[in-house]
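Undergrad: Following this line is query37.cif, made up of mmCIF, C-alpha atoms:
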```cif
data_coords
#
loop_
_atom_site.label_atom_id
_atom_site.label_comp_id
_atom_site.auth_asym_id
_atom_site.auth_seq_id
_atom_site.Cartn_x
_atom_site.Cartn_y
_atom_site.Cartn_z
CA MET A 20 18.38 -45.10 35.26
CA ALA A 21 19.76 -45.40 38.81
CA GLN A 22 19.40 -41.81 40.04
CA ARG A 23 20.00 -42.69 43.67
CA ALA A 24 23.23 -44.62 43.03
CA LEU A 25 26.04 -42.11 43.38
CA PRO A 26 29.17 -42.66 41.38
CA GLN A 27 31.67 -44.58 43.43
CA SER A 28 34.06 -41.66 43.63
CA LYS A 29 31.40 -39.33 45.10
CA GLU A 30 30.28 -41.96 47.62
CA ALA A 31 33.85 -42.60 48.61
CA LEU A 32 34.41 -38.84 48.92
CA LEU A 33 31.43 -38.36 51.23
CA LYS A 34 32.47 -41.39 53.29
CA SER A 35 35.95 -39.92 53.60
CA TYR A 36 34.43 -36.64 54.85
CA ASN A 37 32.56 -38.59 57.54
CA LYS A 38 35.70 -40.45 58.52
CA ARG A 39 37.75 -37.26 58.72
CA LEU A 40 35.10 -35.66 60.91
CA LYS A 41 34.99 -38.61 63.31
CA ASP A 42 38.79 -38.90 63.46
CA ASP A 43 39.37 -35.20 64.08
CA VAL A 44 36.73 -34.93 66.78
CA LYS A 45 38.09 -38.07 68.46
CA SER A 46 41.62 -36.67 68.27
CA LEU A 47 40.51 -33.39 69.86
CA LEU A 48 38.71 -35.15 72.70
CA ASP A 49 41.39 -37.76 73.37
CA ASN A 50 44.31 -35.36 73.35
CA PHE A 51 42.49 -32.90 75.61
CA SER A 52 41.56 -35.56 78.14
CA GLU A 53 45.10 -36.99 78.11
CA ILE A 54 46.56 -33.55 78.87
CA ILE A 55 44.15 -33.20 81.79
CA LYS A 56 45.21 -36.65 83.05
CA LEU A 57 48.88 -35.65 82.86
CA ALA A 58 48.18 -32.86 85.35
CA ARG A 59 48.03 -35.46 88.14
CA VAL A 60 51.25 -35.47 90.17
CA GLU A 61 52.25 -39.06 90.86
CA GLU A 62 54.63 -40.60 93.34
CA GLU A 63 58.22 -40.89 92.25
CA THR A 64 58.79 -44.39 90.76
CA GLN A 65 61.74 -45.55 88.73
CA VAL A 66 62.45 -42.22 87.07
CA SER A 67 63.22 -39.08 89.05
CA ARG A 68 60.67 -36.35 89.37
CA MET A 69 62.64 -34.01 87.10
CA THR A 70 62.76 -36.60 84.32
CA GLN A 71 59.09 -37.36 84.78
CA CYS A 72 58.30 -33.63 84.60
CA GLU A 73 60.30 -33.25 81.41
CA GLU A 74 58.58 -36.24 79.91
CA ASP A 75 55.14 -34.94 80.89
CA HIS A 76 56.02 -31.50 79.51
CA PHE A 77 57.07 -32.97 76.19
CA GLU A 78 53.95 -35.13 76.03
CA MET A 79 51.76 -32.11 76.73
CA LEU A 80 53.47 -30.19 73.92
CA VAL A 81 52.90 -33.03 71.49
CA ARG A 82 49.27 -33.45 72.51
CA ALA A 83 48.65 -29.71 72.28
CA SER A 84 50.10 -29.77 68.75
CA ASN A 85 47.79 -32.68 67.97
CA ILE A 86 44.81 -30.65 69.18
CA VAL A 87 45.80 -27.75 66.93
CA ARG A 88 46.40 -30.10 63.99
CA ALA A 89 42.99 -31.71 64.47
CA GLY A 90 41.39 -28.25 64.61
CA GLU A 91 43.10 -27.20 61.37
CA SER A 92 42.08 -30.47 59.74
CA LEU A 93 38.47 -29.71 60.71
CA MET A 94 38.81 -26.25 59.12
CA LYS A 95 40.08 -27.89 55.93
CA LEU A 96 37.12 -30.26 56.04
CA VAL A 97 34.75 -27.29 56.27
CA THR A 98 36.47 -25.69 53.25
CA ASP A 99 36.12 -28.92 51.27
CA LEU A 100 32.45 -29.17 52.25
CA LYS A 101 31.85 -25.60 51.09
CA GLN A 102 33.47 -26.38 47.75
CA TYR A 103 31.45 -29.58 47.35
CA LEU A 104 28.28 -27.71 48.31
CA ILE A 105 28.83 -25.01 45.70
CA LEU A 106 29.48 -27.54 42.95
CA ASN A 107 26.99 -30.28 43.80
CA ASP A 108 24.10 -28.83 45.78
CA PHE A 109 21.56 -28.92 42.97
CA PRO A 110 18.51 -27.54 44.82
CA SER A 111 20.48 -24.47 45.89
CA ALA A 112 22.08 -24.07 42.46
CA ASN A 113 18.66 -24.31 40.80
CA GLU A 114 17.26 -21.77 43.26
CA ALA A 115 20.15 -19.37 42.58
CA ILE A 116 19.71 -19.72 38.81
CA SER A 117 15.94 -19.18 39.04
CA GLN A 118 16.43 -16.12 41.18
CA THR A 119 18.99 -14.64 38.75
CA ALA A 120 16.69 -15.37 35.80
CA ARG A 121 13.74 -13.73 37.59
CA SER A 122 15.67 -10.58 38.49
CA MET A 123 17.15 -10.25 34.97
CA LEU A 124 13.70 -10.68 33.45
CA ALA A 125 12.19 -8.11 35.83
CA MET A 126 14.90 -5.56 34.96
CA GLN A 127 14.49 -6.20 31.24
CA GLN A 128 10.70 -5.75 31.46
CA GLU A 129 11.09 -2.55 33.50
CA SER A 130 13.58 -1.15 30.99
CA ASP A 131 11.31 -1.97 28.04
CA ARG A 132 8.27 -0.57 29.82
CA LYS A 133 10.04 2.76 30.36
CA LEU A 134 11.27 2.77 26.78
CA MET A 135 7.70 2.25 25.51
CA ALA A 136 6.47 5.11 27.72
CA LEU A 137 9.23 7.31 26.26
CA ARG A 138 8.21 6.25 22.76
CA ASP A 139 4.59 7.22 23.46
CA ASP A 140 5.65 10.64 24.78
CA LEU A 141 7.88 11.24 21.76
CA ALA A 142 5.10 10.18 19.37
CA ALA A 143 2.75 12.72 20.95
CA ASP A 144 5.38 15.49 20.71
CA LEU A 145 6.23 14.47 17.14
CA TYR A 146 2.60 14.88 16.15
CA ASP A 147 2.70 18.52 17.31
CA LEU A 148 6.08 19.14 15.67
CA GLU A 149 4.94 17.71 12.36
CA GLU A 150 1.87 19.94 12.38
CA GLU A 151 4.06 22.96 13.07
CA TYR A 152 6.57 21.99 10.37
CA TYR A 153 4.10 21.24 7.61
CA SER A 154 2.18 24.44 8.22
CA SER A 155 5.35 26.58 8.13
CA PRO A 156 7.01 28.16 5.08
CA PHE A 157 10.28 26.19 5.73
CA LYS A 158 9.09 22.73 4.53
CA MET B 164 15.87 -31.42 56.67
CA ALA B 165 15.20 -28.13 54.90
CA ASN B 166 15.75 -28.87 51.24
CA SER B 167 15.04 -25.51 49.70
CA SER B 168 17.14 -23.11 51.82
CA MET B 169 19.05 -20.44 49.95
CA PRO B 170 22.58 -21.43 48.96
CA ILE B 171 24.00 -18.47 50.87
CA GLU B 172 22.40 -19.70 54.12
CA ARG B 173 24.17 -23.06 53.92
CA LEU B 174 27.50 -21.35 53.27
CA GLN B 175 26.88 -18.97 56.18
CA ALA B 176 26.10 -21.96 58.40
CA LEU B 177 29.48 -23.44 57.45
CA ASP B 178 31.12 -20.08 58.21
CA ASN B 179 29.59 -20.25 61.69
CA VAL B 180 30.91 -23.79 62.11
CA GLU B 181 34.41 -22.52 61.31
CA LYS B 182 34.08 -19.84 64.00
CA GLU B 183 32.83 -22.45 66.46
CA ILE B 184 35.86 -24.67 65.79
CA ALA B 185 38.12 -21.73 66.63
CA SER B 186 36.17 -20.93 69.80
CA CYS B 187 36.23 -24.61 70.76
CA ILE B 188 40.04 -24.70 70.66
CA GLN B 189 40.14 -21.40 72.50
CA SER B 190 37.98 -22.85 75.30
CA ALA B 191 40.33 -25.85 75.52
CA GLY B 192 43.29 -23.46 75.80
CA GLN B 193 41.56 -21.40 78.48
CA ALA B 194 40.71 -24.53 80.49
CA LEU B 195 44.35 -25.67 80.42
CA THR B 196 45.65 -22.16 81.19
CA GLU B 197 43.37 -22.00 84.21
CA LEU B 198 44.50 -25.45 85.33
CA SER B 199 48.17 -24.46 85.04
CA LYS B 200 47.79 -21.56 87.52
CA ASP B 201 49.10 -21.84 91.08
CA LYS B 202 45.66 -21.22 92.53
CA ALA B 203 43.46 -22.73 89.88
CA SER B 204 39.73 -22.07 90.17
CA MET B 205 38.12 -25.47 89.52
CA LYS B 206 34.83 -23.80 88.74
CA GLN B 207 36.46 -21.90 85.85
CA VAL B 208 38.22 -25.05 84.61
CA GLU B 209 34.96 -26.97 84.64
CA SER B 210 33.07 -24.20 82.90
CA HIS B 211 35.69 -23.88 80.12
CA THR B 212 35.81 -27.67 79.73
CA SER B 213 32.04 -27.97 79.48
CA GLN B 214 32.05 -25.10 76.96
CA PHE B 215 34.68 -26.98 74.93
CA LEU B 216 32.66 -30.21 75.01
CA LYS B 217 29.39 -28.47 74.15
CA THR B 218 30.93 -26.59 71.20
CA LEU B 219 32.66 -29.71 69.90
CA ASN B 220 29.39 -31.64 70.08
CA HIS B 221 27.60 -28.92 68.20
CA VAL B 222 30.31 -28.75 65.51
CA GLU B 223 30.13 -32.51 65.01
CA GLY B 224 26.34 -32.42 64.80
CA GLU B 225 26.31 -29.59 62.28
CA LEU B 226 28.97 -31.13 60.03
CA SER B 227 27.21 -34.54 60.12
CA LYS B 228 24.00 -32.81 59.14
CA HIS B 229 25.67 -31.12 56.16
CA ILE B 230 27.35 -34.34 55.04
CA ASN B 231 24.01 -36.20 55.25
CA TYR B 232 22.31 -33.47 53.23
CA LEU B 233 25.03 -33.67 50.57
CA THR B 234 24.70 -37.47 50.46
CA GLN B 235 21.00 -37.02 49.73
CA VAL B 236 21.17 -34.28 47.09
CA SER B 237 24.37 -34.91 45.12
CA THR B 238 23.99 -36.91 41.92
CA GLY B 239 27.55 -37.10 40.69
CA GLN B 240 26.69 -35.26 37.49
CA PRO B 241 27.88 -31.74 36.80
CA HIS B 242 25.24 -29.03 37.01
CA GLU B 243 24.46 -27.79 33.51
CA GLY B 244 21.87 -25.09 34.22
CA SER B 245 22.57 -21.45 33.57
CA ALA B 246 20.83 -18.10 33.49
CA TYR B 247 22.42 -17.22 30.13
CA GLY B 248 19.10 -16.73 28.29
CA SER B 249 17.70 -14.16 30.69
CA VAL B 250 21.08 -12.40 31.02
CA LYS B 251 21.22 -12.09 27.22
CA MET B 252 17.69 -10.65 27.13
CA TYR B 253 18.65 -8.10 29.77
CA LYS B 254 21.76 -7.13 27.81
CA THR B 255 19.77 -6.64 24.60
CA ALA B 256 17.35 -4.42 26.56
CA ARG B 257 20.37 -2.39 27.73
CA HIS B 258 21.54 -2.12 24.10
CA ARG B 259 18.12 -0.82 23.10
CA LEU B 260 18.34 1.76 25.88
CA GLU B 261 21.83 2.86 24.85
CA HIS B 262 20.79 3.10 21.21
CA THR B 263 17.79 5.25 22.14
CA ARG B 264 20.00 7.43 24.32
CA SER B 265 22.49 7.97 21.49
CA ARG B 266 19.73 8.87 19.01
CA LEU B 267 18.23 11.34 21.49
CA GLN B 268 21.70 12.80 22.03
CA ASP B 269 22.01 13.29 18.24
CA LEU B 270 18.63 15.03 18.24
CA GLU B 271 19.77 17.27 21.09
CA ASN B 272 22.94 18.21 19.18
CA LEU B 273 20.89 18.96 16.08
CA LYS B 274 18.59 21.19 18.07
CA ASN B 275 21.52 23.05 19.64
CA ARG B 276 23.15 23.61 16.25
CA ALA B 277 19.87 24.91 14.85
CA LEU B 278 19.42 27.25 17.82
CA ALA B 279 23.00 28.49 17.48
CA SER B 280 22.54 29.20 13.77
CA THR B 281 19.35 31.20 14.41
CA VAL B 282 20.98 33.24 17.23
CA ARG B 283 24.10 34.17 15.15
CA PRO B 284 22.26 35.88 12.23
CA ALA B 285 20.09 37.71 14.81
CA SER B 286 23.17 39.03 16.66
CA ALA B 287 24.84 39.88 13.31
CA GLN B 288 21.78 41.96 12.44
CA ASN B 289 21.89 43.79 15.81
CA ASN B 290 25.66 44.61 15.47
CA PRO B 291 26.31 45.76 11.88
#
```
Turn this file's structure into structure tokens for me.

TA:
Amino acid sequence: MAQRALPQSKEALLKSYNKRLKDDVKSLLDNFSEIIKLARVEEETQVSRMTQCEEDHFEMLVRASNIVRAGESLMKLVTDLKQYLILNDFPSANEAISQTARSMLAMQQESDRKLMALRDDLAADLYDLEEEYYSSPFK
Amino acid sequence: MANSSMPIERLQALDNVEKEIASCIQSAGQALTELSKDKASMKQVESHTSQFLKTLNHVEGELSKHINYLTQVSTGQPHEGSAYGSVKMYKTARHRLEHTRSRLQDLENLKNRALASTVRPASAQNNP
């Protein structure tokens, strides 16, 4: 039984998570550094300064949007990882189940222990009541 | 790699990663805002930029760590464990408790009725 061989879909899923992480981090870094580079004022070449400014402004807007998109994509990745963790992290799931079972068992034993103590008290009182009843004229 | 950490700790770690992503983008925004000023303080720009890079590095490291951990522990099969047995035992203990409480309540009512019936003839005798 190949326990270590993940099903292809799960392997592909985890590989896709890695790829998304690398791509988003690269996108954040590249877009940020390109915006910083655009801050350099260059000599007027073929296009006029106004046109160049407009072009740089537009490029900065697009790159800023890319940074935000990459950030949101990273957030989505974290959400997907949380979901995968809840469903497939067996050690943690086993630990959670054991802990629930232990606490339920402890509460059940505590409840039964108190019930037995109550039973013992009632039995002692019943003994006295029976004596009283059977020695009275009302029986 | 800690294999037996509580499930809630891993989820809290991912919550922290989410906050770090937000702070990372905020640092990037602050660096660019500082750079766009007329008298930009290069020290501030550099500090925000290094904060951005440090946070991004940390986010990448943390997420890689979680993905590696998941690669190691996931089996592809659905988890079929449950705590149903112990929950059922606890519920039957609660039923026992409720049953005892209801029987004691009946006893209490019986006692009160008996006391009431002994008090009424006594008061009838006192007020003819």

Undergrad: Taking (29.8, -30.8, 51.9) as a centre in this file's frame and 9 Å as the limit, can you find every polymer residue with an atom that close, using all atoms listed in the file, and give them as a list of chain:residue names?

TA: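 Those residues, ordered by chain and then number, are A:Leu33, A:Tyr36, A:Leu96, A:Val97, A:Thr98, A:Asp99, A:Leu100, A:Lys101, A:Gln102, A:Tyr103, A:Leu104, A:Ile105, A:Asn107, A:Asp108, B:Leu226, B:His229, B:Ile230, B:Asn231, B:Tyr232, B:Leu233, B:Thr234.
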
Undergrad: Give me, as a list in words, the contact residues of chain A against chain B at a cut-off of 7 Å, counting only C-alpha atoms.

TA: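 Applying the cut-off to the listed atoms yields Gln22, Leu25, Pro26, Lys29, Leu33, Gly90, Met94, Val97, Lys101, Asn107, Asp108, Phe109, Pro110, Ser111, Ile116, Thr119, Ala120, Met123, Leu124, Met126, Gln127, Ser130 and Asp131 of chain A.
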
Undergrad: What's the separation between CA of Gln207 (chain B) and CA of Glu183 (chain B), in Å to one decimal place?

TA: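 Straight-line distance from CA of Gln207 (chain B) to CA of Glu183 (chain B) works out to 19.7 Å.
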
Undergrad: Just to confirm, what's the straight-line distance from CA of Ala136 (chain A) to CA of Asn275 (chain B) in Å (one decimal)?

TA: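 Between CA of Ala136 (chain A) and CA of Asn275 (chain B) the gap works out to 24.8 Å.
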
Undergrad: Find the distance between CA of Leu141 (chain A) and CA of Arg283 (chain B) and write it in Å to one decimal.

TA: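 Interatomic distance here is 28.9 Å.
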